[in-house]
>>> print(open('structure12.cif').read())   # mmCIF, N, CA and C atoms and all ligand atoms
data_model
#
loop_
_atom_site.label_atom_id
_atom_site.label_comp_id
_atom_site.auth_asym_id
_atom_site.auth_seq_id
_atom_site.Cartn_x
_atom_site.Cartn_y
_atom_site.Cartn_z
N MET A 1 17.95 -5.10 14.92
CA MET A 1 16.64 -4.43 15.01
C MET A 1 15.75 -5.17 16.00
N THR A 2 15.25 -4.45 16.98
CA THR A 2 14.38 -5.10 17.94
C THR A 2 12.92 -4.83 17.57
N MET A 3 12.08 -5.71 18.06
CA MET A 3 10.67 -5.60 17.73
C MET A 3 9.87 -5.95 18.98
N LYS A 4 8.82 -5.16 19.21
CA LYS A 4 7.96 -5.44 20.36
C LYS A 4 6.81 -6.35 19.91
N CYS A 5 6.49 -7.30 20.75
CA CYS A 5 5.41 -8.23 20.44
C CYS A 5 4.07 -7.49 20.34
N PRO A 6 3.35 -7.67 19.21
CA PRO A 6 2.06 -7.00 19.06
C PRO A 6 0.97 -7.55 19.99
N LYS A 7 1.23 -8.69 20.60
CA LYS A 7 0.23 -9.30 21.48
C LYS A 7 0.44 -8.92 22.94
N CYS A 8 1.69 -9.02 23.42
CA CYS A 8 1.92 -8.76 24.85
C CYS A 8 2.86 -7.58 25.11
N GLY A 9 3.54 -7.06 24.07
CA GLY A 9 4.38 -5.87 24.21
C GLY A 9 5.80 -6.14 24.67
N LYS A 10 6.16 -7.39 24.94
CA LYS A 10 7.53 -7.70 25.35
C LYS A 10 8.46 -7.72 24.13
N GLU A 11 9.76 -7.69 24.40
CA GLU A 11 10.75 -7.70 23.33
C GLU A 11 10.78 -9.06 22.62
N MET A 12 10.77 -9.03 21.30
CA MET A 12 10.83 -10.27 20.54
C MET A 12 12.27 -10.57 20.15
N GLN A 13 12.55 -11.85 19.92
CA GLN A 13 13.88 -12.29 19.51
C GLN A 13 13.82 -12.58 18.01
N THR A 14 14.78 -12.03 17.24
CA THR A 14 14.75 -12.26 15.80
C THR A 14 15.45 -13.57 15.44
N GLY A 15 15.14 -14.10 14.29
CA GLY A 15 15.76 -15.34 13.84
C GLY A 15 15.12 -15.78 12.55
N TYR A 16 15.19 -17.07 12.30
CA TYR A 16 14.67 -17.61 11.06
C TYR A 16 13.63 -18.68 11.35
N LEU A 17 12.48 -18.53 10.79
CA LEU A 17 11.49 -19.60 10.86
C LEU A 17 11.82 -20.53 9.70
N GLN A 18 12.17 -21.76 10.03
CA GLN A 18 12.55 -22.71 9.00
C GLN A 18 11.49 -23.79 8.90
N THR A 19 11.19 -24.16 7.69
CA THR A 19 10.17 -25.16 7.48
C THR A 19 10.60 -26.16 6.41
N ASP A 20 9.98 -27.27 6.46
CA ASP A 20 10.26 -28.37 5.57
C ASP A 20 9.12 -28.47 4.56
N LYS A 21 9.40 -28.60 3.32
CA LYS A 21 8.46 -29.02 2.27
C LYS A 21 7.21 -28.19 2.03
N ILE A 22 6.23 -28.27 2.90
CA ILE A 22 4.97 -27.61 2.58
C ILE A 22 4.35 -26.96 3.82
N MET A 23 3.84 -25.75 3.63
CA MET A 23 3.20 -25.04 4.74
C MET A 23 2.10 -24.17 4.15
N ALA A 24 0.97 -24.13 4.81
CA ALA A 24 -0.16 -23.36 4.30
C ALA A 24 -0.86 -22.64 5.42
N PHE A 25 -1.51 -21.52 5.08
CA PHE A 25 -2.40 -20.84 6.02
C PHE A 25 -3.78 -20.91 5.38
N ASN A 26 -4.62 -21.75 5.92
CA ASN A 26 -5.93 -22.00 5.31
C ASN A 26 -7.06 -21.52 6.21
N GLN A 27 -8.17 -21.17 5.58
CA GLN A 27 -9.34 -20.69 6.31
C GLN A 27 -9.93 -21.76 7.21
N HIS A 28 -9.86 -22.99 6.76
CA HIS A 28 -10.36 -24.12 7.53
C HIS A 28 -9.28 -25.21 7.52
N ILE A 29 -9.35 -26.12 8.44
CA ILE A 29 -8.37 -27.20 8.50
C ILE A 29 -8.60 -28.16 7.34
N HIS A 30 -7.55 -28.39 6.56
CA HIS A 30 -7.61 -29.37 5.48
C HIS A 30 -7.08 -30.69 6.02
N LYS A 31 -7.82 -31.73 5.84
CA LYS A 31 -7.39 -33.01 6.42
C LYS A 31 -6.43 -33.80 5.52
N LEU A 32 -6.57 -33.68 4.23
CA LEU A 32 -5.73 -34.49 3.34
C LEU A 32 -4.59 -33.70 2.69
N SER A 33 -4.93 -32.67 1.94
CA SER A 33 -3.91 -31.89 1.25
C SER A 33 -3.94 -30.47 1.78
N LEU A 34 -2.76 -29.86 1.87
CA LEU A 34 -2.71 -28.47 2.35
C LEU A 34 -2.94 -27.46 1.22
N HIS A 35 -3.06 -27.95 0.01
CA HIS A 35 -3.22 -27.04 -1.14
C HIS A 35 -4.53 -26.25 -1.03
N PRO A 36 -4.53 -25.01 -1.59
CA PRO A 36 -5.68 -24.11 -1.44
C PRO A 36 -7.00 -24.67 -1.97
N LYS A 37 -8.07 -24.46 -1.20
CA LYS A 37 -9.42 -24.82 -1.62
C LYS A 37 -10.28 -23.57 -1.69
N ASP A 38 -9.92 -22.58 -0.89
CA ASP A 38 -10.69 -21.35 -0.76
C ASP A 38 -9.83 -20.22 -1.36
N GLU A 39 -10.46 -19.16 -1.87
CA GLU A 39 -9.68 -18.06 -2.46
C GLU A 39 -8.80 -17.36 -1.43
N ASN A 40 -9.12 -17.48 -0.15
CA ASN A 40 -8.30 -16.85 0.89
C ASN A 40 -7.21 -17.77 1.44
N ASP A 41 -7.16 -19.00 0.97
CA ASP A 41 -6.10 -19.91 1.41
C ASP A 41 -4.76 -19.48 0.82
N VAL A 42 -3.71 -19.60 1.61
CA VAL A 42 -2.37 -19.22 1.13
C VAL A 42 -1.43 -20.40 1.26
N LEU A 43 -0.89 -20.83 0.13
CA LEU A 43 0.14 -21.87 0.14
C LEU A 43 1.46 -21.14 0.34
N ILE A 44 2.02 -21.23 1.54
CA ILE A 44 3.19 -20.43 1.90
C ILE A 44 4.48 -21.06 1.37
N VAL A 45 4.60 -22.37 1.55
CA VAL A 45 5.78 -23.09 1.06
C VAL A 45 5.32 -24.32 0.31
N ASN A 46 5.87 -24.53 -0.87
CA ASN A 46 5.63 -25.76 -1.62
C ASN A 46 6.94 -26.12 -2.30
N ASN A 47 7.82 -26.70 -1.51
CA ASN A 47 9.16 -27.00 -2.00
C ASN A 47 9.56 -28.36 -1.45
N MET A 48 9.39 -29.39 -2.26
CA MET A 48 9.59 -30.75 -1.79
C MET A 48 11.06 -31.08 -1.51
N ILE A 49 11.98 -30.24 -1.97
CA ILE A 49 13.40 -30.56 -1.80
C ILE A 49 14.04 -29.79 -0.65
N ASN A 50 13.92 -28.47 -0.66
CA ASN A 50 14.72 -27.67 0.25
C ASN A 50 14.00 -27.06 1.45
N GLY A 51 12.69 -27.06 1.47
CA GLY A 51 12.02 -26.33 2.53
C GLY A 51 12.22 -24.84 2.34
N ALA A 52 12.08 -24.05 3.39
CA ALA A 52 12.19 -22.60 3.25
C ALA A 52 12.65 -21.96 4.55
N ASN A 53 13.25 -20.78 4.43
CA ASN A 53 13.71 -20.00 5.58
C ASN A 53 13.12 -18.60 5.51
N PHE A 54 12.41 -18.21 6.56
CA PHE A 54 11.84 -16.87 6.62
C PHE A 54 12.48 -16.12 7.77
N LYS A 55 12.83 -14.85 7.53
CA LYS A 55 13.31 -14.04 8.65
C LYS A 55 12.10 -13.66 9.49
N GLY A 56 12.21 -13.78 10.79
CA GLY A 56 11.06 -13.48 11.62
C GLY A 56 11.45 -13.16 13.04
N ALA A 57 10.43 -13.10 13.90
CA ALA A 57 10.67 -12.79 15.30
C ALA A 57 9.74 -13.65 16.16
N ILE A 58 10.26 -14.04 17.32
CA ILE A 58 9.48 -14.90 18.21
C ILE A 58 9.34 -14.22 19.57
N CYS A 59 8.19 -14.38 20.19
CA CYS A 59 7.99 -13.93 21.55
C CYS A 59 7.91 -15.17 22.42
N LYS A 60 8.92 -15.35 23.27
CA LYS A 60 8.94 -16.54 24.11
C LYS A 60 8.05 -16.38 25.33
N ASP A 61 7.51 -15.18 25.55
CA ASP A 61 6.60 -14.96 26.67
C ASP A 61 5.19 -15.44 26.36
N CYS A 62 4.68 -15.09 25.15
CA CYS A 62 3.30 -15.47 24.85
C CYS A 62 3.19 -16.46 23.70
N GLY A 63 4.31 -16.72 23.00
CA GLY A 63 4.29 -17.74 21.97
C GLY A 63 4.04 -17.26 20.56
N LEU A 64 3.92 -15.95 20.37
CA LEU A 64 3.64 -15.44 19.04
C LEU A 64 4.90 -15.44 18.17
N ILE A 65 4.75 -15.84 16.91
CA ILE A 65 5.83 -15.74 15.93
C ILE A 65 5.33 -14.88 14.78
N THR A 66 6.13 -13.92 14.34
CA THR A 66 5.77 -13.13 13.17
C THR A 66 6.82 -13.36 12.09
N PHE A 67 6.39 -13.43 10.86
CA PHE A 67 7.31 -13.53 9.73
C PHE A 67 6.61 -13.08 8.47
N ASP A 68 7.41 -12.67 7.47
CA ASP A 68 6.88 -12.20 6.20
C ASP A 68 6.86 -13.37 5.23
N TYR A 69 5.70 -13.89 4.94
CA TYR A 69 5.64 -15.09 4.11
C TYR A 69 5.99 -14.84 2.66
N THR A 70 6.02 -13.56 2.24
CA THR A 70 6.41 -13.26 0.86
C THR A 70 7.93 -13.21 0.72
N ASN A 71 8.63 -13.10 1.85
CA ASN A 71 10.10 -13.02 1.82
C ASN A 71 10.67 -14.42 2.06
N ILE A 72 10.52 -15.27 1.05
CA ILE A 72 10.84 -16.68 1.18
C ILE A 72 12.31 -16.93 0.87
N ASN A 73 12.90 -17.87 1.63
CA ASN A 73 14.28 -18.30 1.43
C ASN A 73 15.33 -17.21 1.60
N VAL A 74 15.24 -16.50 2.72
CA VAL A 74 16.31 -15.56 3.06
C VAL A 74 17.55 -16.35 3.45
N LYS A 75 18.72 -15.80 3.15
CA LYS A 75 19.98 -16.46 3.51
C LYS A 75 20.54 -15.79 4.75
N GLU A 76 21.28 -16.55 5.54
CA GLU A 76 21.92 -16.02 6.74
C GLU A 76 22.97 -14.99 6.34
ZN ZN A 101 4.27 -11.72 23.31
#
>>> encode(input="structure12.cif", output="structure tokens")
Amino acid sequence: MTMKCPKCGKEMQTGYLQTDKIMAFNQHIHKLSLHPKDENDVLIVNNMINGANFKGAICKDCGLITFDYTNINVKE
């Protein structure tokens, strides 16, 4: 399945966004802990042992990566 980049319109390459241990999307930069402080903060990964794998797509032209953060730990 191909996907066009929502930012620049070029073809994106699919793959897996892999992360280690902890990842968050926060409203403001947290300096000490990535855990949520605001109701809109999202703790995407909190797995001290295995990390996580998300299926996603990357645009190597403009640098955008898209992935579904609710679809955690997809297998190849
Ligand atoms: Zn792009």
>>> residues_near_ligand(input="structure12.cif", ligand="ligand ZN 101 (chain A)", cutoff="6 Å", atoms="only C-alpha atoms and all ligand atoms", output="compact mmCIF listing (two decimals) with N, CA and C atoms, in the coordinates of the input")
# COMPACT_ATOMS: atom_id res chain seq x y z
N CYS A 5 6.49 -7.30 20.75
CA CYS A 5 5.41 -8.23 20.44
C CYS A 5 4.07 -7.49 20.34
N LYS A 7 1.23 -8.69 20.60
CA LYS A 7 0.23 -9.30 21.48
C LYS A 7 0.44 -8.92 22.94
N CYS A 8 1.69 -9.02 23.42
CA CYS A 8 1.92 -8.76 24.85
C CYS A 8 2.86 -7.58 25.11
N GLY A 9 3.54 -7.06 24.07
CA GLY A 9 4.38 -5.87 24.21
C GLY A 9 5.80 -6.14 24.67
N LYS A 10 6.16 -7.39 24.94
CA LYS A 10 7.53 -7.70 25.35
C LYS A 10 8.46 -7.72 24.13
N CYS A 59 8.19 -14.38 20.19
CA CYS A 59 7.99 -13.93 21.55
C CYS A 59 7.91 -15.17 22.42
N ASP A 61 7.51 -15.18 25.55
CA ASP A 61 6.60 -14.96 26.67
C ASP A 61 5.19 -15.44 26.36
N CYS A 62 4.68 -15.09 25.15
CA CYS A 62 3.30 -15.47 24.85
C CYS A 62 3.19 -16.46 23.70
N LEU A 64 3.92 -15.95 20.37
CA LEU A 64 3.64 -15.44 19.04
C LEU A 64 4.90 -15.44 18.17
>>> axis_aligned_box(input="structure12.cif", around="stretch 22-30 of chain A", padding_each_side="6 Å", output="AutoDock Vina command-line options")
--center_x -2.1 --center_y -25.7 --center_z 5.5 --size_x 28.6 --size_y 22.0 --size_z 17.9
>>> atom_distance(input="structure12.cif", atom1="atom C of A:Asn73", atom2="atom CA of A:Phe54")
6.1 Å
>>> select_by_dssp(input="structure12.cif", residues="chain A", states="strand (DSSP E or B)", output="PyMOL selection string")
chain A and resi 3-4+11-19+22-25+42-46+52-58+65-72
>>> closest_residue(input="structure12.cif", among="A:Glu11, A:Met48, A:Lys37, A:Val42", to="A:Phe25", atoms="only N, CA and C atoms")
A:Val42
>>> closest_residue(input="structure12.cif", among="A:Thr70, A:Thr2, A:Gln13, A:Gln18", to="A:Ala57", atoms="all atoms listed in the file")
A:Gln13
>>> closest_residue(input="structure12.cif", among="A:Met23, A:Ile29, A:Thr14, A:Lys75", to="A:Asn53", atoms="all atoms listed in the file")
A:Lys75
>>> atom_distance(input="structure12.cif", atom1="atom CA of A:His28", atom2="atom CA of A:Tyr16")
26.1 Å
>>> closest_residue(input="structure12.cif", among="A:Lys21, A:His35, A:His30, A:Lys60", to="A:Asn47", atoms="only C-alpha atoms")
A:Lys21
>>> closest_residue(input="structure12.cif", among="A:Ile22, A:Ile65, A:Leu34, A:Ile58", to="A:Asn46", atoms="all atoms listed in the file")
A:Ile22
>>> closest_residue(input="structure12.cif", among="A:Gly51, A:Asp20, A:Met3, A:Met12", to="A:Gly63", atoms="only C-alpha atoms")
A:Met12
>>> atom_distance(input="structure12.cif", atom1="atom CA of A:Phe67", atom2="atom CA of A:Leu32")
25.5 Å
>>> residues_around(input="structure12.cif", residues="A:Asn26", least_positions_apart="5", cutoff="7 Å", atoms="all atoms listed in the file", output="list in words")
Asn40, Asp41, Val42 and Leu43 of chain A
>>> write_last_selection(input="structure12.cif", atoms="N, CA and C atoms", output="PDB file, in the frame of the given file")
ATOM      1  N   ASN A  40      -9.120 -17.480  -0.150  1.00  0.00           N
ATOM      2  CA  ASN A  40      -8.300 -16.850   0.890  1.00  0.00           C
ATOM      3  C   ASN A  40      -7.210 -17.770   1.440  1.00  0.00           C
ATOM      4  N   ASP A  41      -7.160 -19.000   0.970  1.00  0.00           N
ATOM      5  CA  ASP A  41      -6.100 -19.910   1.410  1.00  0.00           C
ATOM      6  C   ASP A  41      -4.760 -19.480   0.820  1.00  0.00           C
ATOM      7  N   VAL A  42      -3.710 -19.600   1.610  1.00  0.00           N
ATOM      8  CA  VAL A  42      -2.370 -19.220   1.130  1.00  0.00           C
ATOM      9  C   VAL A  42      -1.430 -20.400   1.260  1.00  0.00           C
ATOM     10  N   LEU A  43      -0.890 -20.830   0.130  1.00  0.00           N
ATOM     11  CA  LEU A  43       0.140 -21.870   0.140  1.00  0.00           C
ATOM     12  C   LEU A  43       1.460 -21.140   0.340  1.00  0.00           C
TER      13      LEU A  43
END
